[in-house]
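A.B. asks: Data: data36.txt, compact mmCIF, C-alpha atoms.
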```txt
# COMPACT_ATOMS: atom_id res chain seq x y z
CA MET C 1 20.98 3.45 -3.70
CA PHE C 2 23.43 1.04 -2.01
CA SER C 3 22.40 2.48 1.35
CA ILE C 4 18.73 1.72 0.65
CA LEU C 5 19.54 -1.81 -0.57
CA LYS C 6 21.65 -2.38 2.55
CA GLU C 7 18.71 -1.43 4.76
CA HIS C 8 16.57 -4.09 3.03
CA LYS C 9 19.13 -6.84 3.63
CA GLY C 10 17.80 -9.46 6.02
CA PHE C 11 14.32 -7.92 6.17
CA GLY C 12 12.70 -9.86 3.27
CA LYS C 13 10.46 -12.00 5.49
CA GLN C 14 9.51 -9.05 7.71
CA ILE C 15 8.56 -6.95 4.67
CA LEU C 16 6.19 -9.66 3.39
CA LEU C 17 4.61 -10.15 6.83
CA LEU C 18 4.25 -6.42 7.40
CA ALA C 19 2.74 -5.97 3.92
CA LYS C 20 0.12 -8.54 4.90
CA ASP C 21 -0.47 -6.86 8.28
CA GLU C 22 -0.71 -3.46 6.54
CA LEU C 23 -3.53 -4.79 4.34
CA ILE C 24 -5.36 -6.18 7.39
CA LYS C 25 -4.77 -3.01 9.44
CA THR C 26 -6.13 -0.78 6.67
CA TYR C 27 -9.54 -2.46 6.85
CA LYS C 28 -9.53 -3.37 10.56
CA GLY C 29 -12.97 -2.97 12.13
CA ALA C 30 -14.83 -3.24 8.82
CA VAL C 31 -17.42 -6.01 8.60
CA ILE C 32 -16.16 -7.36 5.27
CA GLY C 33 -12.51 -6.48 5.95
CA PRO C 34 -10.14 -6.43 2.94
CA LEU C 35 -13.08 -6.94 0.57
CA TRP C 36 -13.49 -3.15 0.80
CA ALA C 37 -10.43 -3.00 -1.47
CA PHE C 38 -12.71 -4.43 -4.19
CA VAL C 39 -15.93 -2.64 -3.24
CA LYS C 40 -14.52 0.86 -3.83
CA PRO C 41 -13.04 0.12 -7.29
CA ALA C 42 -16.14 -1.90 -8.27
CA PHE C 43 -18.42 1.01 -7.34
CA THR C 44 -16.23 3.47 -9.27
CA VAL C 45 -16.22 1.23 -12.35
CA PHE C 46 -20.03 0.90 -12.13
CA VAL C 47 -20.46 4.69 -11.96
CA TYR C 48 -18.33 5.24 -15.04
CA TRP C 49 -20.04 2.37 -16.88
CA PHE C 50 -23.43 3.91 -16.20
CA ALA C 51 -22.32 7.43 -17.14
CA PHE C 52 -20.53 6.60 -20.37
CA SER C 53 -22.21 3.41 -21.54
CA CYS C 54 -25.78 4.39 -20.70
CA GLY C 55 -25.57 8.17 -20.50
CA ILE C 56 -23.12 9.51 -23.07
CA LYS C 57 -23.78 6.91 -25.76
CA GLN C 58 -21.77 8.71 -28.42
CA LEU C 59 -18.62 7.70 -26.52
CA ARG C 60 -19.57 4.06 -26.38
CA ASP C 61 -17.28 2.77 -29.14
CA LEU C 62 -13.77 3.84 -30.14
CA ASN C 63 -12.19 3.11 -33.48
CA ILE C 64 -8.54 2.33 -32.89
CA ASN C 65 -6.24 2.30 -35.91
CA LEU C 66 -3.84 -0.65 -35.55
CA GLY C 67 -2.26 -0.14 -38.94
CA GLY C 68 -4.49 -2.63 -40.76
CA PRO C 69 -7.05 -2.07 -43.51
CA GLN C 70 -9.87 -1.60 -40.99
CA PRO C 71 -9.85 0.22 -37.62
CA PHE C 72 -10.37 -1.95 -34.55
CA THR C 73 -13.55 -1.06 -32.64
CA ILE C 74 -13.42 -1.27 -28.84
CA ASP C 75 -16.41 -0.90 -26.55
CA PHE C 76 -15.90 2.19 -24.42
CA PHE C 77 -16.48 0.38 -21.14
CA THR C 78 -13.73 -2.12 -22.02
CA PHE C 79 -11.43 0.76 -23.02
CA MET C 80 -12.12 2.56 -19.74
CA PHE C 81 -11.96 -0.59 -17.60
CA VAL C 82 -8.44 -1.54 -18.73
CA GLY C 83 -7.20 2.05 -18.28
CA ILE C 84 -8.67 2.61 -14.83
CA ILE C 85 -7.21 -0.53 -13.23
CA PRO C 86 -3.63 0.86 -13.14
CA TRP C 87 -5.09 4.20 -12.00
CA PHE C 88 -6.40 2.65 -8.78
CA PHE C 89 -2.86 1.56 -7.91
CA ILE C 90 -1.31 4.85 -9.05
CA GLN C 91 -3.78 6.95 -7.07
CA ASP C 92 -3.23 5.01 -3.85
CA SER C 93 0.53 4.98 -4.40
CA ILE C 94 0.63 8.78 -4.69
CA THR C 95 -1.85 9.72 -1.95
CA GLN C 96 -1.21 6.92 0.57
CA GLY C 97 2.49 6.80 -0.25
CA ALA C 98 2.82 10.43 0.83
CA LYS C 99 1.16 9.64 4.18
CA THR C 100 3.04 6.41 4.89
CA LEU C 101 5.68 7.76 7.28
CA SER C 102 3.20 9.86 9.24
CA ILE C 103 0.83 6.91 9.65
CA ASN C 104 3.63 4.51 10.65
CA ARG C 105 5.56 6.94 12.82
CA GLN C 106 5.87 4.36 15.63
CA PHE C 107 8.42 2.45 13.54
CA ILE C 108 10.54 5.60 13.30
CA THR C 109 10.18 7.17 16.74
CA LYS C 110 9.85 4.10 19.00
CA VAL C 111 11.42 1.19 17.11
CA LYS C 112 14.74 1.03 15.31
CA PHE C 113 13.44 0.04 11.87
CA PRO C 114 14.84 0.97 8.43
CA VAL C 115 12.67 3.80 7.14
CA SER C 116 12.87 2.82 3.47
CA THR C 117 11.42 -0.64 4.22
CA ILE C 118 8.26 1.00 5.57
CA LEU C 119 7.67 2.52 2.15
CA THR C 120 8.44 -0.82 0.51
CA TYR C 121 6.00 -2.99 2.46
CA THR C 122 3.11 -0.49 2.35
CA SER C 123 3.55 -0.17 -1.42
CA LEU C 124 3.74 -3.95 -1.68
CA SER C 125 0.39 -4.30 0.11
CA ARG C 126 -1.19 -2.06 -2.54
CA LEU C 127 0.44 -4.17 -5.25
CA PHE C 128 -1.28 -7.30 -3.86
CA VAL C 129 -4.68 -5.63 -4.34
CA HIS C 130 -3.69 -4.41 -7.81
CA ILE C 131 -2.73 -7.90 -8.98
CA MET C 132 -6.06 -9.31 -7.79
CA LEU C 133 -7.90 -6.57 -9.70
CA VAL C 134 -5.81 -7.30 -12.81
CA ILE C 135 -6.83 -10.96 -12.62
CA VAL C 136 -10.51 -9.94 -12.62
CA MET C 137 -9.87 -7.52 -15.50
CA TYR C 138 -7.98 -10.16 -17.50
CA ILE C 139 -10.85 -12.62 -17.21
CA TYR C 140 -13.14 -9.93 -18.63
CA VAL C 141 -10.67 -9.09 -21.43
CA CYS C 142 -10.29 -12.77 -22.38
CA ILE C 143 -14.07 -13.07 -22.68
CA THR C 144 -14.63 -9.86 -24.66
CA VAL C 145 -11.41 -9.38 -26.66
CA GLY C 146 -9.51 -12.63 -26.33
CA PRO C 147 -6.05 -13.54 -25.00
CA SER C 148 -2.85 -12.59 -26.80
CA ILE C 149 0.88 -13.13 -26.52
CA TYR C 150 1.16 -9.37 -25.94
CA ASN C 151 -0.60 -9.85 -22.59
CA LEU C 152 2.74 -11.05 -21.22
CA GLN C 153 3.96 -7.45 -21.34
CA PHE C 154 2.02 -6.96 -18.11
CA PHE C 155 4.99 -8.58 -16.35
CA LEU C 156 7.10 -5.71 -17.67
CA TYR C 157 4.72 -2.80 -17.02
CA CYS C 158 3.60 -3.87 -13.54
CA PRO C 159 7.05 -4.15 -11.88
CA ILE C 160 8.19 -0.91 -13.51
CA MET C 161 5.04 0.85 -12.27
CA TYR C 162 5.65 -0.46 -8.75
CA ILE C 163 9.30 0.69 -8.73
CA PHE C 164 8.47 4.08 -10.27
CA PHE C 165 5.89 5.04 -7.64
CA LEU C 166 7.93 3.51 -4.83
CA ALA C 167 10.80 5.78 -5.90
CA LEU C 168 8.36 8.70 -6.01
CA SER C 169 7.35 7.97 -2.40
CA TRP C 170 11.02 8.26 -1.36
CA SER C 171 10.55 11.98 -2.05
CA THR C 172 6.89 12.61 -1.20
CA ALA C 173 6.70 10.68 2.09
CA PRO C 174 9.55 12.52 3.88
CA MET C 175 8.38 15.85 2.46
CA SER C 176 4.81 15.20 3.66
CA ALA C 177 6.14 14.33 7.12
CA PHE C 178 7.81 17.73 7.23
CA SER C 179 4.84 19.64 5.80
CA LYS C 180 1.12 18.91 6.14
CA ASP C 181 0.53 21.45 3.37
CA PHE C 182 2.47 19.27 0.94
CA GLU C 183 0.32 16.27 1.87
CA SER C 184 -2.87 18.33 1.42
CA LEU C 185 -1.61 19.60 -1.95
CA ILE C 186 -1.17 16.03 -3.22
CA VAL C 187 -4.70 15.06 -2.18
CA SER C 188 -6.22 18.19 -3.73
CA ILE C 189 -4.61 17.77 -7.17
CA MET C 190 -5.41 14.07 -7.62
CA SER C 191 -8.77 14.74 -9.25
CA GLY C 192 -7.11 17.05 -11.77
CA ILE C 193 -4.38 14.49 -12.46
CA PHE C 194 -7.07 11.93 -13.23
CA TRP C 195 -8.67 14.06 -15.95
CA LEU C 196 -5.29 15.19 -17.32
CA SER C 197 -4.29 11.56 -17.83
CA GLY C 198 -5.52 9.31 -20.63
CA ILE C 199 -7.77 7.15 -18.47
CA MET C 200 -11.06 8.17 -20.04
CA TYR C 201 -9.75 8.99 -23.52
CA ASP C 202 -7.14 7.87 -26.03
CA THR C 203 -4.12 10.19 -25.92
CA TYR C 204 -2.74 8.57 -29.08
CA GLY C 205 -5.70 10.09 -30.95
CA PHE C 206 -4.73 13.69 -30.15
CA GLU C 207 -3.27 15.98 -32.77
CA GLU C 208 0.16 17.55 -32.50
CA PRO C 209 1.53 19.25 -30.47
CA LEU C 210 -0.90 18.10 -27.73
CA LYS C 211 -0.15 14.45 -28.50
CA THR C 212 3.55 15.00 -27.74
CA VAL C 213 2.79 17.05 -24.61
CA MET C 214 0.70 14.19 -23.20
CA LEU C 215 3.68 11.86 -23.55
CA PHE C 216 5.34 13.72 -20.67
CA ASN C 217 2.69 12.48 -18.24
CA PRO C 218 4.16 9.23 -16.82
CA ILE C 219 0.69 8.02 -15.83
CA ASN C 220 -0.17 7.94 -19.54
CA PHE C 221 2.74 5.58 -20.10
CA PHE C 222 1.26 2.96 -17.79
CA VAL C 223 -2.37 3.45 -18.85
CA ASN C 224 -1.40 3.23 -22.52
CA GLY C 225 0.89 0.33 -21.69
CA TYR C 226 -1.90 -1.70 -20.15
CA ARG C 227 -4.09 -1.01 -23.18
CA ASN C 228 -1.25 -1.88 -25.54
CA CYS C 229 -0.79 -5.30 -23.97
CA PHE C 230 -4.45 -6.14 -23.21
CA LEU C 231 -6.39 -4.40 -26.03
CA TYR C 232 -4.23 -3.10 -28.87
CA ASN C 233 -1.73 -5.98 -29.12
CA ARG C 234 1.18 -3.57 -29.49
CA ALA C 235 4.77 -4.13 -28.38
CA PHE C 236 6.08 -1.82 -25.63
CA PHE C 237 8.65 -0.31 -28.04
CA THR C 238 6.04 0.66 -30.68
CA TYR C 239 6.10 4.30 -29.57
CA LYS C 240 9.82 4.92 -29.18
CA THR C 241 9.43 8.61 -28.29
CA GLU C 242 7.03 7.79 -25.46
CA LEU C 243 9.40 5.11 -24.16
CA ALA C 244 12.43 7.42 -24.31
CA ILE C 245 10.60 10.22 -22.45
CA PHE C 246 9.43 7.83 -19.75
CA LEU C 247 12.90 6.33 -19.25
CA ALA C 248 14.30 9.84 -18.78
CA GLU C 249 11.56 10.65 -16.24
CA PHE C 250 12.17 7.33 -14.48
CA ILE C 251 15.86 8.16 -14.01
CA VAL C 252 15.02 11.65 -12.70
CA ILE C 253 12.38 10.40 -10.23
CA PHE C 254 14.70 7.61 -9.06
CA ALA C 255 17.64 9.99 -8.53
CA LEU C 256 15.49 12.62 -6.78
CA GLY C 257 13.95 9.95 -4.56
CA ILE C 258 17.38 8.73 -3.41
CA PHE C 259 18.58 12.32 -2.88
CA ASN C 260 15.53 13.45 -0.88
CA TYR C 261 15.38 10.27 1.18
CA ASN C 262 19.04 10.47 2.22
CA ARG C 263 18.73 14.20 2.87
CA LEU C 264 15.68 13.98 5.15
CA ARG C 265 15.64 10.53 6.79
CA LYS C 266 17.91 11.44 9.74
CA LYS C 267 15.63 14.33 10.68
CA LEU C 268 12.41 12.30 10.56
CA PRO C 269 12.41 11.03 14.20
CA ASP C 270 12.57 14.60 15.53
CA VAL C 271 9.93 15.89 13.11
CA LEU C 272 7.47 13.04 13.78
```
Since I need it in another form, could you write the structure as C-alpha cells?

C.D. replies:
Amino acid sequence: MFSILKEHKGFGKQILLLAKDELIKTYKGAVIGPLWAFVKPAFTVFVYWFAFSCGIKQLRDLNINLGGPQPFTIDFFTFMFVGIIPWFFIQDSITQGAKTLSINRQFITKVKFPVSTILTYTSLSRLFVHIMLVIVMYIYVCITVGPSIYNLQFFLYCPIMYIFFLALSWSTAPMSAFSKDFESLIVSIMSGIFWLSGIMYDTYGFEEPLKTVMLFNPINFFVNGYRNCFLYNRAFFTYKTELAIFLAEFIVIFALGIFNYNRLRKKLPDVL
C-alpha cells in the first residue's frame, strides 16, 4: 500500500489532467463527444421504464416496510432509476477497469509512468460521469420523493464505491493484460451479474436463507445503499450484518489488489 501511495506522490495534477483527457479520448471522433456518456444510460433507463412501467404493470409499485404503521409505496421506475445509477459506474469500472492497462500500454512500454496511477485516473474519469448522472437523478428524486438529511450518506457510499472498484482493478487489470481469456470472461458474465444483483428488485424483501446469501454480493451493498439514502431514509448502519459482510469483503479485495498488483506490475512491460 505504501508503494502505491508513493507512486501517486507528485502526480496529483497529472492524474486530474489525464482523467479529463481520458474522458475526451473515449468519445473522440463522435459528433456529440462526451454527451454519449449520457445518451447510453438515458436509452437504457428509457428501455427499462417502457418495459416495467408500461409493459409489466404489476411491478409498477413496491410497498416498502420502513417500520411504521403503513408501508411506503415507491413507483417502480423511481425504485429502478435510483438502483441503476450506481450500476452504470460499477459496470464500467469492472469491464473497462480490466482493459485499462491494455488500452494504455504506451504509458507502460514507452513512457516511465507509475502503473497504478493509470488505473486511478481512468477510474476517476468514470467517477466524473457518475457524479453528473447522480445530480440528474437527485433532481428527479427531490421532485418525486423529496429531499432528506439521509441523502448526505451519498458522500459516504460514493467514495467507498470508487475505492472498492479501484482496488478490484488492481487485480483484474494486470490479470487481463496477461490473459485475453480473463478479459473475455469478465465481459461475458456482466449480464449475469446484473440480474443476480438487486438492481431490478428489492433484495431486502427475500426470505431466508436467500436474503442472507444476497448480502454477500458487494454490488447489492451499493445499490441498497443508494436506495437507503435517496428513497428509504435509512442510516447506513441499519443492516449491521450487511455492513459487516461488506467490510470483510472490502478488506479482502483491497489486500488481494495490492498483492496481485505488486506481484505482476514488473512483468507488465514485457507482456504488453

A.B. asks: Using only C-alpha atoms, can you tell me which of C:Ser184, C:Thr144, C:Gln106, C:Thr95 comes closest to C:Asp75?

C.D. replies: C:Thr144

A.B. asks: Using only C-alpha atoms, which residues sit within 12 Å of C:Pro147 once same-chain residues fewer than 6 positions away are excluded, as a ChimeraX atom specification?

C.D. replies: /C:137-141,229-233

A.B. asks: Out of C:Ala244, C:Ala42, C:Ala177, C:Val187, which residue has the shortest atom-to-atom distance to C:Val136 when counting all atoms listed in the file?

C.D. replies: C:Ala42

A.B. asks: Would you list the contacts of stretch 160-172 of chain C as number ranges by chain, taking every protein, DNA or RNA residue within 8 Å and counting only C-alpha atoms, but skipping same-chain residues closer than 2 positions in sequence?

C.D. replies: C: 90, 93-94, 97-98, 116, 119-120, 123, 127, 156-158, 174-176, 222, 250, 253-254, 256-258, 260-261

A.B. asks: Can I get the selected residues back with C-alpha atoms, as a CSV table (one decimal), in the frame of the given file?

C.D. replies:
```csv
chain,number,residue,atom,x,y,z
C,90,ILE,CA,-1.3,4.8,-9.0
C,93,SER,CA,0.5,5.0,-4.4
C,94,ILE,CA,0.6,8.8,-4.7
C,97,GLY,CA,2.5,6.8,-0.2
C,98,ALA,CA,2.8,10.4,0.8
C,116,SER,CA,12.9,2.8,3.5
C,119,LEU,CA,7.7,2.5,2.2
C,120,THR,CA,8.4,-0.8,0.5
C,123,SER,CA,3.6,-0.2,-1.4
C,127,LEU,CA,0.4,-4.2,-5.2
C,156,LEU,CA,7.1,-5.7,-17.7
C,157,TYR,CA,4.7,-2.8,-17.0
C,158,CYS,CA,3.6,-3.9,-13.5
C,174,PRO,CA,9.6,12.5,3.9
C,175,MET,CA,8.4,15.8,2.5
C,176,SER,CA,4.8,15.2,3.7
C,222,PHE,CA,1.3,3.0,-17.8
C,250,PHE,CA,12.2,7.3,-14.5
C,253,ILE,CA,12.4,10.4,-10.2
C,254,PHE,CA,14.7,7.6,-9.1
C,256,LEU,CA,15.5,12.6,-6.8
C,257,GLY,CA,14.0,10.0,-4.6
C,258,ILE,CA,17.4,8.7,-3.4
C,260,ASN,CA,15.5,13.4,-0.9
C,261,TYR,CA,15.4,10.3,1.2
```

A.B. asks: Which residues come within 9 Å of C:Val82, counting all atoms listed in the file, excluding same-chain residues fewer than 2 positions away, as a list in words?

C.D. replies: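 Close residues of C:Val82: Phe77, Thr78, Phe79, Met80, Ile84, Ile85, Pro86, Val134, Met137, Tyr138, Val141, Ile199, Val223, Tyr226, Arg227, Phe230 and Leu231 of chain C.
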
A.B. asks: Let's have the selection written as a CSV table (one decimal), in the coordinates of the input, with C-alpha atoms.

C.D. replies:
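Generated output (selection.csv):
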```
chain,number,residue,atom,x,y,z
C,77,PHE,CA,-16.5,0.4,-21.1
C,78,THR,CA,-13.7,-2.1,-22.0
C,79,PHE,CA,-11.4,0.8,-23.0
C,80,MET,CA,-12.1,2.6,-19.7
C,84,ILE,CA,-8.7,2.6,-14.8
C,85,ILE,CA,-7.2,-0.5,-13.2
C,86,PRO,CA,-3.6,0.9,-13.1
C,134,VAL,CA,-5.8,-7.3,-12.8
C,137,MET,CA,-9.9,-7.5,-15.5
C,138,TYR,CA,-8.0,-10.2,-17.5
C,141,VAL,CA,-10.7,-9.1,-21.4
C,199,ILE,CA,-7.8,7.2,-18.5
C,223,VAL,CA,-2.4,3.4,-18.8
C,226,TYR,CA,-1.9,-1.7,-20.2
C,227,ARG,CA,-4.1,-1.0,-23.2
C,230,PHE,CA,-4.4,-6.1,-23.2
C,231,LEU,CA,-6.4,-4.4,-26.0
```

A.B. asks: I'd like to know which of C:Met1, C:Leu17, C:Met200, C:Val115 is closest to C:Pro269, using all atoms listed in the file.

C.D. replies: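 Using all atoms listed in the file, C:Pro269 sits closest to C:Val115.
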
A.B. asks: Could you state the separation of atom CA of C:Gly10 and atom CA of C:Ser125 in Å, given to one decimal place?

C.D. replies: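 Value for the atom CA of C:Gly10-atom CA of C:Ser125 distance: 19.1 Å.
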
A.B. asks: Which neighbours of C:Val271 fall inside 12 Å, counting all atoms listed in the file, when residues of the same chain fewer than 6 positions from it are skipped, and could you give them as a list in words?

C.D. replies: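 These residues fall inside the cut-off: Leu101, Ser102, Arg105, Ile108, Thr109, Pro174, Met175, Ser176, Ala177, Phe178, Ser179, Lys180, Leu264 and Arg265 of chain C.
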
A.B. asks: Give me, please, the distance in Å between atom CA of C:Pro209 and atom CA of C:Lys240, quoted to one decimal.

C.D. replies: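 Interatomic distance here is 16.6 Å.
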
A.B. asks: Of the candidates C:Phe154, C:Gly83, C:Ala255, C:Phe246, which shows the shortest atom-to-atom distance to C:Thr203, using all atoms listed in the file?

C.D. replies: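 Using all atoms listed in the file, C:Thr203 sits closest to C:Gly83.
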
A.B. asks: Could you check which of C:Phe107, C:Trp87, C:Phe11, C:Phe236 is closest to C:Trp195, using only C-alpha atoms?

C.D. replies: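 Closest to C:Trp195, using only C-alpha atoms: C:Trp87.
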
A.B. asks: Work out how far apart atom CA of C:Leu5 and atom CA of C:Thr117 are and give it in Å to one decimal.

C.D. replies: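 Calculated distance between atom CA of C:Leu5 and atom CA of C:Thr117 is 9.5 Å.
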
A.B. asks: Go through C:Phe38, C:Phe2, C:Phe221, C:Phe182 one by one, measure the shortest atom-to-atom distance of each to C:Leu133 using all atoms listed in the file, and give the residue with the smallest value.

C.D. replies: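 Under the stated criterion, the closest residue is C:Phe38.
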